[in-house]
Amino acid sequence: MPELPEVEVVRRGLEPFTGDWVVDVVGVSELRSLKRHPGPVEDFVYRLEGRKLRRIVRRGKFLWWQLDDDHTALVAHLGMSGQILIGDTPDDFGKLCRITLGLSRPPSGAVTLGFVDQRIFGYMALDNLVPTVDGQPGGSGSDAPVIPSRAQHISRDPLDPAFCDDDFIRRLRRKKTGIKSALLDQTLVSGVGNIYADEALWRVGLHYNRECSGLTPQKVRELLGAIRDVFVQALDDGGTSFDWQYVNVNGQSGYFSQSLNAYGQQGKPCAKCGTVMVKEAFQNRSSHRCPRCQRLSRKRVS
DNA sequence: AGCGAGCCCTGCGCGC
DNA sequence: TGCGCGCAGGGCTCGC
């Protein structure tokens, strides 16, 4: 479950199971879901069992729990198809469930957390928490100025109070790529993926291949505002879901897909001008745009 | 150094 | 009904 709003919906859904909740038993049915864990599966299980899940934190599309030893994180990245679900038993999640955590909070609370991931691009891993370079909180959900070492290189996301707009604008305008490549670069700004990049570019009328260096600071600021707007709106709607794969921890789908104006709208009229929207190949993925509102008025970047 | 291509994977839905 | 193909929202690593 991919982009920032969907991951934040998951994070909020997991908050009730943090604090004094303990990991009693860990089940791993797919070793490749631990490919980023720095050790064998036994190490993952042994170090996790008995730990409390103190806080659940997110930066961009990265999620992690702060464990009660104060220096270890349980990192979860959902990749293209990951979900985290809460159920009663390890059998509640179907055959695509890769990892289960049996959780309890004495005296009476008990649930099972399921890490479900069709394509196995996502993963869970234990990692060390290291200080943030700017001394600000590592992400949404905790005030602690620490972050898993694996996520250190990821920029803050646009909903993070410590995100610096001016730095973003300066760095983006120095890039020698098209604007969409820049938005998908998680070291420049995190949390944006293919859907929300297309939505934000549509809102401000930019072609995905417009050169970053040709944009005025004002235009970049406008684009950043559009990213925030589309994130907040999607969050309010519970995230974007097209099908069975994208659900919150209760298995419910979000409604933002009904509000999309660009992604998946090929063949339909542009909501601003009525021109038929198109879908074009872009870097092994696809881009959606209005041929009239989002023209390439400057030199083409390939 | 920064950039783009290639690759990691499974399973759904469609057309034949 | 069955099969093959195209497609999917991410990110890491590697060459250039």
# chains A, B, ... in the order shown; residues from 1 in each chain; ligands from 1
>>> select_by_dssp(residues="stretch 9-238 of chain A", states="strand (DSSP E or B)", output="VMD selection string")
chain A and resid 22 to 28 52 to 59 62 to 67 72 to 77 82 to 87 97 to 105 109 to 117 123 to 131 139 to 140 142 146 to 148 178 211
>>> write_last_selection(atoms="C-alpha atoms", output="JSON list (two decimals), in the first residue's frame")
[["chain", "number", "residue", "atom", "x", "y", "z"],
["A", 22, "VAL", "CA", 4.06, -6.99, 23.58],
["A", 23, "VAL", "CA", 5.17, -9.18, 20.69],
["A", 24, "ASP", "CA", 4.56, -12.68, 22.06],
["A", 25, "VAL", "CA", 5.17, -14.81, 19.00],
["A", 26, "VAL", "CA", 6.52, -14.16, 15.49],
["A", 27, "GLY", "CA", 5.62, -16.29, 12.47],
["A", 28, "VAL", "CA", 7.51, -16.04, 9.17],
["A", 52, "LYS", "CA", 7.08, -3.96, 23.49],
["A", 53, "LEU", "CA", 5.97, -1.84, 20.51],
["A", 54, "ARG", "CA", 6.36, 1.60, 22.05],
["A", 55, "ARG", "CA", 5.50, 3.94, 19.15],
["A", 56, "ILE", "CA", 4.58, 3.64, 15.46],
["A", 57, "VAL", "CA", 6.30, 6.22, 13.27],
["A", 58, "ARG", "CA", 6.25, 7.16, 9.58],
["A", 59, "ARG", "CA", 8.42, 9.21, 7.28],
["A", 62, "PHE", "CA", 8.64, 4.13, 5.56],
["A", 63, "LEU", "CA", 6.97, 2.83, 8.72],
["A", 64, "TRP", "CA", 8.69, 1.68, 11.90],
["A", 65, "TRP", "CA", 7.98, 0.77, 15.48],
["A", 66, "GLN", "CA", 10.25, 2.01, 18.27],
["A", 67, "LEU", "CA", 10.91, -1.00, 20.47],
["A", 72, "THR", "CA", 15.98, -0.78, 17.86],
["A", 73, "ALA", "CA", 13.28, -0.25, 15.24],
["A", 74, "LEU", "CA", 11.05, -2.79, 13.57],
["A", 75, "VAL", "CA", 10.91, -1.35, 10.06],
["A", 76, "ALA", "CA", 8.10, -2.15, 7.63],
["A", 77, "HIS", "CA", 8.06, -1.03, 4.02],
["A", 82, "GLY", "CA", 1.99, -4.58, 1.08],
["A", 83, "GLN", "CA", -0.71, -4.36, 3.74],
["A", 84, "ILE", "CA", -0.65, -4.58, 7.49],
["A", 85, "LEU", "CA", -3.85, -6.04, 8.93],
["A", 86, "ILE", "CA", -5.13, -6.74, 12.42],
["A", 87, "GLY", "CA", -7.03, -9.96, 13.05],
["A", 97, "CYS", "CA", 0.37, -13.29, 4.41],
["A", 98, "ARG", "CA", 4.16, -13.41, 4.83],
["A", 99, "ILE", "CA", 4.74, -12.54, 8.50],
["A", 100, "THR", "CA", 2.50, -12.59, 11.59],
["A", 101, "LEU", "CA", 3.06, -11.05, 15.01],
["A", 102, "GLY", "CA", 1.01, -12.28, 17.94],
["A", 103, "LEU", "CA", 0.45, -9.23, 20.18],
["A", 104, "SER", "CA", -0.91, -8.95, 23.69],
["A", 105, "ARG", "CA", -1.49, -6.37, 26.36],
["A", 109, "GLY", "CA", -5.88, -7.71, 25.06],
["A", 110, "ALA", "CA", -4.72, -10.02, 22.26],
["A", 111, "VAL", "CA", -4.62, -9.64, 18.47],
["A", 112, "THR", "CA", -2.59, -10.91, 15.54],
["A", 113, "LEU", "CA", -0.88, -8.52, 13.15],
["A", 114, "GLY", "CA", -0.50, -9.77, 9.58],
["A", 115, "PHE", "CA", 2.05, -8.48, 7.05],
["A", 116, "VAL", "CA", 0.45, -9.32, 3.71],
["A", 117, "ASP", "CA", 2.36, -8.70, 0.47],
["A", 123, "TYR", "CA", 9.73, -6.18, 3.77],
["A", 124, "MET", "CA", 10.11, -6.16, 7.52],
["A", 125, "ALA", "CA", 13.51, -5.79, 9.19],
["A", 126, "LEU", "CA", 15.08, -4.90, 12.51],
["A", 127, "ASP", "CA", 17.35, -1.88, 12.33],
["A", 128, "ASN", "CA", 19.26, 0.48, 14.61],
["A", 129, "LEU", "CA", 17.79, 3.87, 15.44],
["A", 130, "VAL", "CA", 20.29, 6.66, 14.77],
["A", 131, "PRO", "CA", 20.04, 10.41, 15.48],
["A", 139, "GLY", "CA", 8.85, 11.29, 11.55],
["A", 140, "SER", "CA", 5.14, 11.41, 12.22],
["A", 142, "SER", "CA", 7.03, 10.30, 17.74],
["A", 146, "VAL", "CA", 15.91, 9.24, 15.77],
["A", 147, "ILE", "CA", 15.36, 7.29, 12.57],
["A", 148, "PRO", "CA", 16.21, 3.76, 11.39],
["A", 178, "GLY", "CA", 12.09, 16.22, -15.73],
["A", 211, "GLU", "CA", 12.71, 20.55, -16.88]]
>>> residues_around(residues="stretch 213-227 of chain A", least_positions_apart="3", cutoff="9 Å", atoms="only C-alpha atoms (C1' of nucleotides)", output="list in words")
Pro158, Asp165, Asp166, Phe168, Ile169, Arg170, Leu172, Arg173, Arg174, Lys175, Lys176, Thr177, Gly178, Ile179, Val192, Tyr196, Ala197, Glu199, Ala200, Leu201, Arg203, Val204, Leu206, Arg210, Val230, Phe231, Val232 and Arg298 of chain A
>>> interface_residues(of="chain C", to="chain A", cutoff="10 Å", atoms="only C-alpha atoms (C1' of nucleotides)", output="PyMOL selection string")
chain C and resi 7-11
>>> write_last_selection(atoms="C-alpha atoms (C1' of nucleotides)", output="mmCIF file, in the first residue's frame")
data_model
loop_
_atom_site.group_PDB
_atom_site.id
_atom_site.type_symbol
_atom_site.label_atom_id
_atom_site.label_comp_id
_atom_site.auth_asym_id
_atom_site.auth_seq_id
_atom_site.Cartn_x
_atom_site.Cartn_y
_atom_site.Cartn_z
ATOM 1 C "C1'" DC C 7 -0.202 -4.595 -16.025
ATOM 2 C "C1'" DA C 8 0.311 -2.963 -11.069
ATOM 3 C "C1'" DG C 9 0.676 2.498 -6.475
ATOM 4 C "C1'" DG C 10 8.421 1.179 -4.937
ATOM 5 C "C1'" DG C 11 13.125 1.319 -4.388
#
>>> interface_residues(of="chain B", to="chain A", cutoff="10 Å", atoms="only C-alpha atoms (C1' of nucleotides)", output="ChimeraX atom specification")
/B:2-6,8-11
>>> write_last_selection(atoms="C-alpha atoms (C1' of nucleotides)", output="short mmCIF file (atom, residue, chain, number, x, y, z; two decimals), in the first residue's frame")
data_model
loop_
_atom_site.label_atom_id
_atom_site.label_comp_id
_atom_site.auth_asym_id
_atom_site.auth_seq_id
_atom_site.Cartn_x
_atom_site.Cartn_y
_atom_site.Cartn_z
"C1'" DG B 2 23.85 12.47 -10.56
"C1'" DC B 3 21.06 10.16 -13.58
"C1'" DG B 4 18.40 6.39 -16.03
"C1'" DA B 5 17.90 1.54 -16.88
"C1'" DG B 6 17.30 -2.92 -15.04
"C1'" DC B 8 13.37 -7.67 -7.82
"C1'" DC B 9 8.29 -10.55 -7.60
"C1'" DT B 10 3.23 -12.49 -7.77
"C1'" DG B 11 -1.34 -12.67 -9.28
#
>>> residues_around(residues="B:DC14", least_positions_apart="2", cutoff="10 Å", atoms="only C-alpha atoms (C1' of nucleotides)", output="JSON, numbers by chain")
{"B": [12, 16], "C": [5, 6]}
>>> select_by_dssp(residues="stretch 29-65 of chain A", states="alpha helix (DSSP H)", output="PyMOL selection string")
chain A and resi 41-48
>>> atom_distance(atom1="atom CA of A:Thr275", atom2="atom CA of A:Arg295")
12.3 Å
>>> atom_distance(atom1="atom CA of A:Tyr255", atom2="atom CA of A:Ala162")
28.8 Å
